[in-house]
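S.K.: Input file: upload05.cif. Contents: mmCIF, C-alpha atoms and all ligand atoms.
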```
data_model
loop_
_atom_site.label_atom_id
_atom_site.label_comp_id
_atom_site.auth_asym_id
_atom_site.auth_seq_id
_atom_site.Cartn_x
_atom_site.Cartn_y
_atom_site.Cartn_z
CA MET A 174 30.82 7.09 -0.91
CA ILE A 175 31.97 8.07 2.55
CA TYR A 176 34.55 5.77 4.09
CA LEU A 177 34.34 5.55 7.89
CA ASP A 178 35.83 2.11 8.49
CA TYR A 179 39.48 2.92 9.19
CA GLN A 180 39.81 0.07 11.71
CA ALA A 181 39.00 -2.47 8.98
CA THR A 182 41.57 -1.04 6.62
CA THR A 183 42.98 2.26 5.41
CA PRO A 184 43.56 3.70 1.94
CA LEU A 185 47.06 3.40 0.54
CA ALA A 186 49.01 6.63 1.15
CA PRO A 187 50.18 8.13 -2.17
CA GLU A 188 53.73 8.12 -0.77
CA ALA A 189 53.52 4.37 -0.05
CA ARG A 190 52.11 3.70 -3.53
CA GLU A 191 54.97 5.66 -5.10
CA ALA A 192 57.56 3.68 -3.12
CA MET A 193 55.95 0.40 -4.25
CA LEU A 194 55.89 1.26 -7.96
CA ARG A 195 59.70 1.24 -8.11
CA TRP A 196 59.66 -2.46 -7.13
CA MET A 197 56.77 -3.75 -9.24
CA GLY A 198 59.34 -5.14 -11.68
CA GLY A 199 58.36 -5.60 -15.36
CA PRO A 200 60.62 -7.52 -17.77
CA ASP A 201 62.49 -4.38 -18.91
CA SER A 202 63.22 -3.27 -15.37
CA ASP A 203 66.03 -4.11 -12.95
CA SER A 204 63.66 -4.29 -10.01
CA PHE A 205 62.13 -7.77 -10.06
CA GLY A 206 65.07 -9.57 -8.45
CA ASN A 207 64.54 -12.05 -5.63
CA PRO A 208 65.79 -10.26 -2.49
CA HIS A 209 67.34 -13.54 -1.38
CA SER A 210 69.46 -13.99 -4.55
CA PRO A 211 73.16 -13.24 -4.22
CA HIS A 212 73.54 -11.48 -7.63
CA ARG A 213 73.36 -7.74 -8.21
CA MET A 214 69.62 -7.52 -8.86
CA GLY A 215 68.98 -9.65 -5.80
CA ARG A 216 71.19 -7.43 -3.68
CA MET A 217 69.37 -4.31 -4.94
CA ALA A 218 66.04 -5.84 -3.94
CA ALA A 219 67.50 -6.91 -0.59
CA ALA A 220 68.72 -3.36 0.01
CA ALA A 221 65.17 -2.05 -0.56
CA VAL A 222 63.85 -4.60 1.95
CA GLU A 223 66.45 -3.53 4.52
CA VAL A 224 65.64 0.18 4.07
CA ALA A 225 61.99 -0.71 4.69
CA ARG A 226 62.91 -2.78 7.74
CA GLU A 227 64.76 0.21 9.19
CA GLN A 228 61.81 2.50 8.50
CA VAL A 229 59.40 0.10 10.24
CA ALA A 230 61.88 -0.49 13.09
CA ALA A 231 62.33 3.26 13.64
CA LEU A 232 59.03 3.36 15.53
CA PHE A 233 60.18 0.63 17.95
CA PRO A 234 62.74 1.04 20.73
CA ALA A 235 66.27 -0.32 20.27
CA GLY A 236 66.79 -3.89 21.45
CA GLY A 237 64.63 -5.88 19.06
CA THR A 238 64.23 -7.04 15.47
CA VAL A 239 61.45 -6.54 12.91
CA HIS A 240 60.58 -9.75 11.04
CA PHE A 241 58.27 -9.28 8.05
CA THR A 242 55.26 -11.61 7.76
CA GLY A 243 52.30 -11.90 5.40
CA ASN A 244 49.97 -10.01 7.76
CA ALA A 245 49.34 -9.50 11.46
CA CYS A 246 47.39 -12.76 11.84
CA GLU A 247 50.52 -14.62 10.77
CA ALA A 248 52.70 -12.53 13.11
CA ILE A 249 50.38 -13.33 16.02
CA ASN A 250 50.33 -17.05 15.15
CA LEU A 251 54.12 -17.04 15.05
CA ALA A 252 54.31 -15.29 18.43
CA LEU A 253 51.82 -17.60 20.16
CA ARG A 254 52.74 -20.90 18.52
CA GLY A 255 56.45 -20.12 18.44
CA THR A 256 56.58 -19.66 22.22
CA SER A 257 53.98 -22.28 23.16
CA ARG A 258 56.62 -24.17 25.19
CA ALA A 259 56.66 -21.18 27.63
CA GLY A 260 53.58 -22.39 29.52
CA ALA A 261 49.93 -21.40 29.94
CA LEU A 262 48.39 -18.44 28.15
CA ALA A 263 46.53 -15.51 29.71
CA ILE A 264 44.78 -13.22 27.23
CA SER A 265 42.63 -10.16 27.71
CA ALA A 266 38.92 -10.71 27.12
CA ILE A 267 38.89 -8.23 24.25
CA GLU A 268 41.65 -9.63 22.02
CA HIS A 269 41.15 -9.85 18.26
CA ALA A 270 40.23 -13.27 16.86
CA ALA A 271 43.84 -13.64 15.68
CA VAL A 272 44.91 -13.97 19.34
CA ARG A 273 41.71 -15.49 20.71
CA ASP A 274 41.26 -18.28 18.19
CA THR A 275 44.97 -19.15 18.11
CA ALA A 276 45.17 -19.26 21.91
CA GLN A 277 42.07 -21.44 22.06
CA ALA A 278 43.55 -23.78 19.45
CA LEU A 279 46.70 -24.10 21.56
CA GLY A 280 44.63 -24.77 24.72
CA ASN A 281 45.55 -24.03 28.34
CA VAL A 282 44.30 -20.46 28.08
CA ARG A 283 42.66 -18.18 30.66
CA GLU A 284 40.86 -14.91 30.00
CA LEU A 285 41.73 -11.68 31.81
CA PRO A 286 38.53 -9.67 32.28
CA VAL A 287 38.19 -5.97 31.40
CA ASP A 288 36.21 -3.34 33.28
CA GLY A 289 33.09 -1.56 31.99
CA ALA A 290 35.25 1.00 30.21
CA GLY A 291 37.11 -1.72 28.29
CA ILE A 292 40.40 -1.55 30.20
CA CYS A 293 42.28 -4.67 31.32
CA ASP A 294 43.50 -3.81 34.83
CA PRO A 295 47.12 -4.92 35.44
CA ASP A 296 46.43 -5.20 39.19
CA GLN A 297 44.52 -8.45 38.70
CA ASP A 298 46.23 -11.77 39.47
CA LEU A 299 47.83 -13.81 36.73
CA PRO A 300 46.92 -17.50 36.76
CA GLU A 301 49.63 -19.81 38.14
CA GLY A 302 51.99 -21.14 35.46
CA THR A 303 51.35 -18.36 32.93
CA GLY A 304 54.10 -18.36 30.30
CA LEU A 305 52.70 -15.72 27.96
CA VAL A 306 50.28 -12.83 28.49
CA ALA A 307 48.53 -11.22 25.51
CA VAL A 308 47.16 -7.70 25.99
CA MET A 309 46.55 -5.67 22.85
CA GLN A 310 47.55 -2.01 22.72
CA VAL A 311 44.50 -0.45 21.06
CA ASN A 312 41.31 -2.43 20.69
CA ASN A 313 39.95 -2.67 17.14
CA GLU A 314 36.28 -2.47 18.10
CA ILE A 315 36.20 0.21 20.78
CA GLY A 316 39.62 1.87 20.49
CA THR A 317 40.53 1.57 24.17
CA ILE A 318 44.24 1.92 24.96
CA GLN A 319 45.59 -0.69 27.36
CA PRO A 320 48.29 -0.04 29.99
CA THR A 321 50.89 -2.22 28.24
CA ALA A 322 53.84 -0.81 30.23
CA GLN A 323 52.26 -2.03 33.50
CA TRP A 324 51.32 -5.35 31.88
CA HIS A 325 54.87 -5.78 30.68
CA GLU A 326 56.16 -5.21 34.20
CA LYS A 327 53.60 -7.61 35.63
CA ALA A 328 54.41 -10.33 33.08
CA ARG A 329 58.13 -9.92 33.64
CA LYS A 330 57.74 -10.32 37.42
CA ALA A 331 55.74 -13.51 36.80
CA GLY A 332 58.46 -14.84 34.47
CA ALA A 333 56.11 -14.58 31.49
CA LEU A 334 56.38 -12.93 28.08
CA LEU A 335 54.02 -10.16 26.97
CA LEU A 336 52.60 -10.22 23.43
CA SER A 337 50.93 -7.00 22.36
CA ASP A 338 48.81 -6.81 19.23
CA ALA A 339 49.61 -3.23 18.19
CA VAL A 340 47.84 -3.42 14.82
CA GLN A 341 45.54 -0.48 15.64
CA ALA A 342 48.20 1.50 17.49
CA TYR A 343 51.44 1.34 15.51
CA GLY A 344 52.17 4.64 13.78
CA LYS A 345 49.38 6.40 15.68
CA ILE A 346 50.65 6.45 19.27
CA ALA A 347 53.98 5.54 20.91
CA VAL A 348 54.53 1.82 20.54
CA ALA A 349 53.57 -0.65 23.29
CA GLU A 350 56.05 -2.01 25.81
CA ALA A 351 56.18 -5.75 25.28
CA ASP A 352 58.39 -8.69 24.28
CA LEU A 353 56.54 -9.48 21.07
CA ILE A 354 54.59 -6.90 19.05
CA ALA A 355 52.46 -7.62 15.99
CA ILE A 356 51.65 -4.96 13.37
CA SER A 357 50.06 -4.76 9.93
CA ALA A 358 50.77 -2.35 7.04
CA HIS A 359 47.21 -1.99 5.80
CA LYS A 360 46.00 -0.36 9.02
CA LEU A 361 48.67 2.29 8.59
CA TYR A 362 48.05 3.54 5.02
CA GLY A 363 50.38 0.84 3.68
CA PRO A 364 49.60 -2.13 1.39
CA LYS A 365 47.56 -5.21 2.25
CA GLY A 366 49.48 -8.49 2.42
CA ILE A 367 52.34 -7.55 4.72
CA GLY A 368 52.75 -7.37 8.49
CA ALA A 369 55.56 -7.78 10.96
CA LEU A 370 56.46 -9.23 14.32
CA TRP A 371 58.86 -7.22 16.48
CA VAL A 372 60.82 -9.55 18.74
CA ARG A 373 62.75 -8.32 21.75
CA ASP A 374 66.39 -9.46 21.82
CA GLY A 375 66.74 -12.68 23.79
CA VAL A 376 63.22 -13.99 23.05
CA SER A 377 63.49 -17.17 21.01
CA LEU A 378 60.74 -18.41 18.71
CA ASP A 379 60.21 -21.72 16.97
CA PRO A 380 59.55 -21.03 13.26
CA GLN A 381 56.07 -21.97 12.08
CA VAL A 382 56.63 -21.70 8.33
CA THR A 383 59.73 -23.65 7.31
CA GLY A 384 61.38 -23.73 3.92
CA GLY A 385 64.37 -21.43 3.74
CA LEU A 386 63.94 -19.22 6.78
CA GLN A 387 64.60 -16.06 4.74
CA GLU A 388 63.30 -13.98 7.65
CA LYS A 389 65.28 -16.16 10.12
CA ILE A 390 62.13 -17.20 12.00
CA ARG A 391 59.88 -17.32 8.92
CA SER A 392 60.24 -18.72 5.42
CA GLY A 393 59.06 -17.38 2.08
CA THR A 394 60.34 -14.92 -0.52
CA LEU A 395 59.65 -11.38 0.57
CA SER A 396 57.96 -8.89 -1.76
CA PRO A 397 60.23 -5.83 -2.07
CA ALA A 398 57.23 -3.80 -3.31
CA LEU A 399 55.14 -4.63 -0.23
CA CYS A 400 58.12 -4.04 2.07
CA ALA A 401 58.85 -0.68 0.40
CA GLY A 402 55.20 0.37 0.75
CA PHE A 403 55.16 -0.67 4.40
CA GLY A 404 58.42 1.21 5.06
CA ALA A 405 57.22 4.38 3.36
CA ALA A 406 53.91 4.24 5.26
CA ALA A 407 55.79 3.82 8.56
CA ALA A 408 58.16 6.72 7.82
CA LEU A 409 55.22 8.91 6.87
CA ALA A 410 53.31 7.96 10.02
CA GLN A 411 56.34 8.72 12.16
CA GLY A 412 56.67 12.19 10.65
CA ARG A 413 52.95 12.91 10.84
CA MET A 414 52.09 11.33 14.19
CA GLU A 415 51.26 14.62 15.92
CA ALA A 416 49.46 16.10 12.92
CA ASP A 417 47.39 12.92 12.43
CA ALA A 418 46.50 12.81 16.14
CA ALA A 419 45.46 16.50 16.10
CA HIS A 420 43.27 15.84 13.05
CA MET A 421 41.72 12.90 14.90
CA GLU A 422 40.93 15.11 17.93
CA ALA A 423 39.10 17.61 15.72
CA LEU A 424 37.07 14.85 14.02
CA TRP A 425 36.34 13.18 17.38
CA THR A 426 35.01 16.42 18.90
CA LEU A 427 32.81 17.01 15.88
CA ALA A 428 31.53 13.42 15.79
CA ARG A 429 30.81 13.33 19.53
CA ASP A 430 28.74 16.45 19.07
CA LEU A 431 26.84 15.14 16.05
CA PHE A 432 26.13 11.82 17.77
CA SER A 433 25.53 13.34 21.23
CA ASP A 434 22.31 11.38 21.84
CA TRP A 435 24.04 8.02 21.27
CA LYS A 436 25.76 6.11 24.08
CA LEU A 437 29.52 5.63 23.80
CA ASN A 438 30.88 2.08 24.20
CA GLY A 439 34.20 2.03 26.06
CA SER A 440 36.27 4.71 27.71
CA ALA A 441 36.16 8.22 26.23
CA ASP A 442 39.64 9.15 27.47
CA GLN A 443 41.80 6.01 27.36
CA ARG A 444 40.99 5.63 23.72
CA TRP A 445 42.26 6.23 20.21
CA HIS A 446 39.98 9.02 19.05
CA GLY A 447 39.72 7.70 15.52
CA ASN A 448 37.26 5.10 16.85
CA LEU A 449 33.68 5.99 17.74
CA ASN A 450 31.72 2.93 18.84
CA ILE A 451 28.21 3.97 19.81
CA ARG A 452 24.80 2.48 20.42
CA LYS A 453 21.13 3.31 20.56
CA ASP A 454 18.82 0.96 22.41
CA GLY A 455 16.44 -0.80 20.06
CA LEU A 456 18.42 0.06 16.92
CA ASP A 457 18.24 -2.46 14.07
CA VAL A 458 21.80 -2.18 12.78
CA ALA A 459 21.28 -4.31 9.65
CA ARG A 460 18.43 -2.02 8.59
CA LEU A 461 20.49 1.07 9.39
CA MET A 462 23.35 -0.19 7.25
CA SER A 463 21.09 -0.93 4.34
CA ASP A 464 19.47 2.54 4.65
CA CYS A 465 22.93 4.20 4.65
CA ARG A 466 24.60 2.33 1.80
CA ASN A 467 26.79 5.28 0.90
CA VAL A 468 28.44 5.31 4.29
CA MET A 469 31.04 2.57 4.88
CA PHE A 470 30.92 1.72 8.57
CA SER A 471 30.77 -1.39 10.64
CA ALA A 472 28.56 -3.23 13.08
CA GLY A 473 30.88 -4.42 15.85
CA SER A 474 34.23 -5.47 14.40
CA ALA A 475 34.70 -6.08 10.69
CA CYS A 476 35.40 -9.74 11.48
CA ALA A 477 32.39 -10.31 13.73
CA SER A 478 29.91 -8.35 11.61
CA GLY A 479 27.91 -10.58 9.36
CA SER A 480 28.42 -13.53 11.71
CA GLY A 481 25.25 -12.71 13.63
CA ARG A 482 27.14 -13.24 16.90
CA PRO A 483 27.18 -10.34 19.34
CA SER A 484 30.66 -8.89 19.72
CA HIS A 485 32.72 -10.59 22.46
CA VAL A 486 34.33 -7.20 23.13
CA LEU A 487 31.05 -5.43 23.83
CA ARG A 488 29.86 -8.41 25.90
CA ALA A 489 33.10 -8.21 27.91
CA LEU A 490 32.23 -4.60 28.86
CA GLY A 491 29.03 -5.92 30.42
CA LEU A 492 26.67 -4.99 27.59
CA SER A 493 23.70 -7.30 26.95
CA ASP A 494 23.43 -9.16 23.62
CA LYS A 495 20.76 -6.66 22.61
CA GLN A 496 22.91 -3.64 23.44
CA ALA A 497 25.91 -5.16 21.64
CA LYS A 498 23.78 -5.79 18.58
CA SER A 499 22.50 -2.19 18.56
CA SER A 500 26.05 -0.77 18.30
CA ILE A 501 27.91 0.65 15.33
CA ARG A 502 31.56 1.53 14.80
CA LEU A 503 32.66 4.62 12.91
CA GLY A 504 36.36 4.88 12.17
CA PHE A 505 38.13 8.00 10.95
CA GLY A 506 41.63 8.54 9.67
CA ARG A 507 44.13 10.81 8.00
CA TYR A 508 42.06 11.38 4.86
CA THR A 509 38.66 11.85 6.55
CA ARG A 510 37.24 15.36 6.12
CA GLU A 511 34.87 17.14 8.49
CA GLU A 512 32.20 17.18 5.77
CA ASP A 513 32.46 13.36 5.57
CA ILE A 514 31.51 13.13 9.25
CA GLU A 515 28.75 15.73 8.84
CA GLN A 516 27.17 13.97 5.85
CA ALA A 517 27.50 10.53 7.46
CA ALA A 518 25.96 11.79 10.71
CA ALA A 519 23.03 13.34 8.84
CA ALA A 520 22.35 10.04 7.02
CA ILE A 521 22.82 7.79 10.07
CA ASN A 522 20.79 9.99 12.42
CA ALA A 523 17.94 10.28 9.90
CA ALA A 524 17.91 6.50 9.39
CA ALA A 525 17.90 5.90 13.16
CA GLN A 526 15.07 8.40 13.61
CA ALA A 527 13.07 6.64 10.92
CA GLN A 528 13.29 3.53 13.14
CA GLY A 529 11.88 5.58 16.01
CA VAL A 530 14.96 5.15 18.21
N1 LIG B 601 44.65 -7.51 15.26
C1 LIG B 601 43.83 -6.45 15.19
C2 LIG B 601 43.59 -5.64 16.42
C3 LIG B 601 43.19 -6.14 13.99
O1 LIG B 601 42.36 -5.09 13.95
C4 LIG B 601 43.43 -6.95 12.85
C5 LIG B 601 42.72 -6.69 11.59
O2 LIG B 601 41.51 -6.57 11.56
C6 LIG B 601 44.33 -8.01 12.97
C7 LIG B 601 44.92 -8.25 14.19
C8 LIG B 601 44.68 -8.88 11.80
O3 LIG B 601 45.45 -8.13 10.88
P1 LIG B 601 45.77 -8.68 9.41
O4 LIG B 601 44.63 -8.24 8.55
O5 LIG B 601 47.05 -8.00 9.00
O6 LIG B 601 45.94 -10.15 9.50
#
```
The structure given in the file should be rewritten as structure tokens.
Ligand code: PLP

M.R.:
Amino acid sequence: MIYLDYQATTPLAPEAREAMLRWMGGPDSDSFGNPHSPHRMGRMAAAAVEVAREQVAALFPAGGTVHFTGNACEAINLALRGTSRAGALAISAIEHAAVRDTAQALGNVRELPVDGAGICDPDQDLPEGTGLVAVMQVNNEIGTIQPTAQWHEKARKAGALLLSDAVQAYGKIAVAEADLIAISAHKLYGPKGIGALWVRDGVSLDPQVTGGLQEKIRSGTLSPALCAGFGAAAALAQGRMEADAAHMEALWTLARDLFSDWKLNGSADQRWHGNLNIRKDGLDVARLMSDCRNVMFSAGSACASGSGRPSHVLRALGLSDKQAKSSIRLGFGRYTREEDIEQAAAAINAAAQAQGV
């Protein structure tokens, strides 16, 4: 099987797996303590959690705190719901459902349009009374990189907070400039089931999960194993950022060449090059996917695919429903080899040709 769905999730890095094993805690071990217990085993577990917190925090600037959560959806809910007293919401038109659905549930939300390349222009006006702006750093469907520094400046001038969903960016490019930043370990070669919210000093949040407040703004016993895996994955990503990006450039160049007669969705330059979202007019994507069962890729975003709804991201670029539905997303990462792309391209191009498109 060829895995080209790195935006949906990534394999666990061997280094992260190794770090987790130490804290899996069988009965004969000393590593199953509750990190919130005051005894020695608890303090050992707590120390592992704090090492991991420092490793995750090392990719953020000084002046903020990393709070672990169960995943990025929870981090985003905490950010949006925990600041809902700030006023109206303004969110980019291409936010992930975690932001979109939560903002809609809270109400009083306006959408900030993107241009045809999938960029949310910070020169546009913010609606009156905006208390929080949400602009993601790297889009999960089309990989476009948003100008978060300019958005942060704009939000600050308007007296609003900026939330940036950096799930697809953290550990790959320099972190966004924002007041609240959500990340997730499983997009970064870490384990599933842990995320974090980085909170700039001075930003106060109302807890959404009460019951002990072990993470100060979030309750629940932390898993030292998941924290250790997240920390190891973050440290590895920090050390390998340039090497990973160079690998991505090589794969991108190859893939663009092999799929040269497909149309690219979203900007080619302001983009994370591990994301190739392409379309062919008239393509039946469901048929293509069933003809290429050995290649793991996605139609639209992992969340939207299967729903039958055209992607709101592709629609926001100005694509028709038909064009959006004839698009596929190929995602590469650290462990993708050139031959994976070559074999996948051969299978996908042959299947598309068989459809006569
Ligand atoms: N935001 C973006 C951009 C994502 O790609 C995802 C995952 O698909 C999420 C948020 C949600 O992350 P998690 O799976 O950790 O809840």

S.K.: Show me, as CSV, the residues of chain A having an atom within 9 Å of ligand LIG 601 (chain B), each with the closest atom pair and its distance in Å, using all atoms listed in the file.

M.R.:
```
residue,atom,partner,partner_atom,distance
A:Gln180,CA,B:LIG601,O1,6.2
A:Ala181,CA,B:LIG601,O2,5.5
A:Thr182,CA,B:LIG601,O2,7.4
A:Gly243,CA,B:LIG601,O5,7.5
A:Asn244,CA,B:LIG601,O5,3.8
A:Ala245,CA,B:LIG601,O5,3.7
A:Cys246,CA,B:LIG601,O6,3.8
A:Glu247,CA,B:LIG601,O6,6.5
A:Ala248,CA,B:LIG601,O6,8.0
A:Ile249,CA,B:LIG601,C7,7.7
A:Glu268,CA,B:LIG601,C2,7.1
A:His269,CA,B:LIG601,N1,5.2
A:Ala270,CA,B:LIG601,C7,7.4
A:Ala271,CA,B:LIG601,C7,5.7
A:Val272,CA,B:LIG601,N1,7.6
A:Met309,CA,B:LIG601,C2,7.1
A:Gln310,CA,B:LIG601,C2,8.3
A:Val311,CA,B:LIG601,C2,7.0
A:Asn312,CA,B:LIG601,C2,5.8
A:Asn313,CA,B:LIG601,O1,4.7
A:Glu314,CA,B:LIG601,O1,7.8
A:Asp338,CA,B:LIG601,N1,5.8
A:Ala339,CA,B:LIG601,C2,6.7
A:Val340,CA,B:LIG601,C1,5.0
A:Gln341,CA,B:LIG601,C2,5.6
A:Ala342,CA,B:LIG601,C2,8.6
A:Ala355,CA,B:LIG601,C7,7.8
A:Ile356,CA,B:LIG601,O5,7.0
A:Ser357,CA,B:LIG601,O5,4.5
A:Ala358,CA,B:LIG601,O5,7.0
A:His359,CA,B:LIG601,O5,6.8
A:Lys360,CA,B:LIG601,C5,7.6
A:Lys365,CA,B:LIG601,O5,7.3
A:Gly366,CA,B:LIG601,O5,7.0
A:Ile367,CA,B:LIG601,O5,6.8
A:Gly368,CA,B:LIG601,O5,5.8
A:Ala369,CA,B:LIG601,O5,8.7
A:Ser474,CA,B:LIG601,O2,7.9
A:Ala475,CA,B:LIG601,O2,6.9
A:Cys476,CA,B:LIG601,O2,6.9
```

S.K.: Contacts of stretch 453-467 of chain A at 7 Å or less, counting all atoms listed in the file, minus same-chain residues fewer than 5 places along, as number ranges by chain?

M.R.: A: 174-175, 435-436, 472, 496, 499-500, 520-521, 524-525, 530

S.K.: Can you pull out every residue within 12 Å of A:Ala419, counting all atoms listed in the file, but drop anything in the same chain fewer than 5 positions away, and send it as a ChimeraX atom specification?

M.R.: /A:345-346,413-414,424-426,445-447,506-507

S.K.: If you count only C-alpha atoms, which residues fall within 12 Å of A:Ser210, apart from same-chain ones fewer than 5 positions away, as an mmCIF file with C-alpha atoms, keeping the file's coordinate frame?

M.R.:
```cif
data_model
loop_
_atom_site.group_PDB
_atom_site.id
_atom_site.type_symbol
_atom_site.label_atom_id
_atom_site.label_comp_id
_atom_site.auth_asym_id
_atom_site.auth_seq_id
_atom_site.Cartn_x
_atom_site.Cartn_y
_atom_site.Cartn_z
ATOM 1 C CA PHE A 205 62.130 -7.770 -10.060
ATOM 2 C CA GLY A 215 68.980 -9.650 -5.800
ATOM 3 C CA ARG A 216 71.190 -7.430 -3.680
ATOM 4 C CA MET A 217 69.370 -4.310 -4.940
ATOM 5 C CA ALA A 218 66.040 -5.840 -3.940
ATOM 6 C CA ALA A 219 67.500 -6.910 -0.590
ATOM 7 C CA ALA A 220 68.720 -3.360 0.010
ATOM 8 C CA GLN A 387 64.600 -16.060 4.740
ATOM 9 C CA THR A 394 60.340 -14.920 -0.520
ATOM 10 C CA LEU A 395 59.650 -11.380 0.570
#
```

S.K.: For stretch 505-521 of chain A, what centre and edge lengths in Å (one decimal) does the axis-aligned box get once 5 Å is added on each side of all its listed atoms, as AutoDock Vina command-line options?

M.R.:
```
--center_x 33.2 --center_y 12.5 --center_z 7.9 --size_x 31.8 --size_y 19.4 --size_z 16.1
```

S.K.: Go through A:Ala328, A:Ala407, A:Ala186, A:Met421 and flag the residue nearest A:Pro295, using all atoms listed in the file for the distances.

M.R.: A:Ala328

S.K.: State, in Å with one decimal place, the distance from atom CA of A:Ala405 to atom CA of A:Ala189.

M.R.: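 So the answer is 5.0 Å.
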
S.K.: Name the residues within 12 Å of (44.1, -3.1, 39.0), counting only C-alpha atoms in the file's coordinates, and put them as a list of chain:residue names.

M.R.: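 Residues satisfying the cut-off, written out: A:Leu285, A:Pro286, A:Val287, A:Asp288, A:Ile292, A:Cys293, A:Asp294, A:Pro295, A:Asp296, A:Gln297, A:Asp298, A:Leu299, A:Gln319, A:Pro320, A:Gln323, A:Trp324, A:Lys327.
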
S.K.: Interatomic distance between atom CA of A:Leu279 and atom CA of A:Gly384?

M.R.: 23.0 Å

S.K.: Find the distance between atom CA of A:Ile318 and atom CA of A:Leu336 and write it in Å to one decimal.

M.R.: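 According to the coordinates, atom CA of A:Ile318 and atom CA of A:Leu336 are separated by 14.8 Å.
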
S.K.: Just checking: using all atoms listed in the file, which residue out of A:Gly529, A:Pro208, A:Gly255, A:Pro234 ends up closest to A:Ile390?

M.R.: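 Answer, going by the shortest atom-to-atom distance: A:Gly255.
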
S.K.: Go ahead and find all residues with at least one atom no further than 9 Å from (29.0, 4.5, 13.6) in the file's coordinates, using all atoms listed in the file; report them as a ChimeraX atom specification.

M.R.: /A:177-178,432,448-452,470-472,500-504,517-518,521

S.K.: From the set A:Leu427, A:Val382, A:Ala410, A:Val306, which residue has the shortest atom-to-atom contact distance to A:Val229, counting all atoms listed in the file?

M.R.: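 Between A:Leu427, A:Val382, A:Ala410, A:Val306, the residue approaching A:Val229 most closely is A:Ala410.
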
S.K.: Closest to A:Gly237 among A:Ala349, A:Ala290, A:Val372, A:Leu262, using all atoms listed in the file?

M.R.: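 Smallest distance to A:Gly237 is found for A:Val372.
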
S.K.: Counting only C-alpha atoms, which residue out of A:Ala441, A:Met214, A:Leu334, A:Ala307 sits closest to A:Asp352?

M.R.: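 Among the listed residues, the smallest separation from A:Asp352 belongs to A:Leu334.
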
S.K.: Which residue is closest to A:Gln228? Choose from A:Gly439, A:Pro380, A:Gly344, A:Gly393 and count all atoms listed in the file.

M.R.: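 Going through A:Gly439, A:Pro380, A:Gly344, A:Gly393 one by one, the smallest distance to A:Gln228 is for A:Gly344.
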
S.K.: Would you save stretch 389-398 of chain A from the block above with N, CA, C and O atoms, as a short mmCIF file (atom, residue, chain, number, x, y, z; two decimals), in the first residue's frame?

M.R.:
```cif
data_model
loop_
_atom_site.label_atom_id
_atom_site.label_comp_id
_atom_site.auth_asym_id
_atom_site.auth_seq_id
_atom_site.Cartn_x
_atom_site.Cartn_y
_atom_site.Cartn_z
N LYS A 389 -4.63 23.54 34.32
CA LYS A 389 -4.98 24.92 34.69
C LYS A 389 -6.23 25.43 33.98
O LYS A 389 -7.11 25.98 34.60
N ILE A 390 -6.29 25.26 32.64
CA ILE A 390 -7.51 25.68 31.95
C ILE A 390 -8.24 24.47 31.39
O ILE A 390 -9.15 24.60 30.59
N ARG A 391 -7.84 23.26 31.83
CA ARG A 391 -8.46 22.05 31.29
C ARG A 391 -8.27 20.92 32.30
O ARG A 391 -7.19 20.77 32.85
N SER A 392 -9.34 20.16 32.51
CA SER A 392 -9.28 19.08 33.50
C SER A 392 -9.08 17.74 32.82
O SER A 392 -9.39 17.56 31.64
N GLY A 393 -8.61 16.77 33.63
CA GLY A 393 -8.42 15.41 33.12
C GLY A 393 -6.99 14.97 33.36
O GLY A 393 -6.07 15.78 33.24
N THR A 394 -6.81 13.69 33.72
CA THR A 394 -5.47 13.16 33.95
C THR A 394 -4.73 13.06 32.63
O THR A 394 -5.26 12.50 31.67
N LEU A 395 -3.54 13.60 32.60
CA LEU A 395 -2.75 13.53 31.36
C LEU A 395 -2.14 12.15 31.21
O LEU A 395 -1.87 11.46 32.19
N SER A 396 -1.90 11.74 29.97
CA SER A 396 -1.20 10.49 29.68
C SER A 396 0.28 10.81 29.48
O SER A 396 0.65 11.43 28.48
N PRO A 397 1.15 10.38 30.41
CA PRO A 397 2.58 10.65 30.22
C PRO A 397 3.11 10.02 28.92
O PRO A 397 3.96 10.61 28.25
N ALA A 398 2.57 8.86 28.54
CA ALA A 398 3.04 8.22 27.30
C ALA A 398 2.72 9.09 26.08
O ALA A 398 3.58 9.32 25.21
#
```
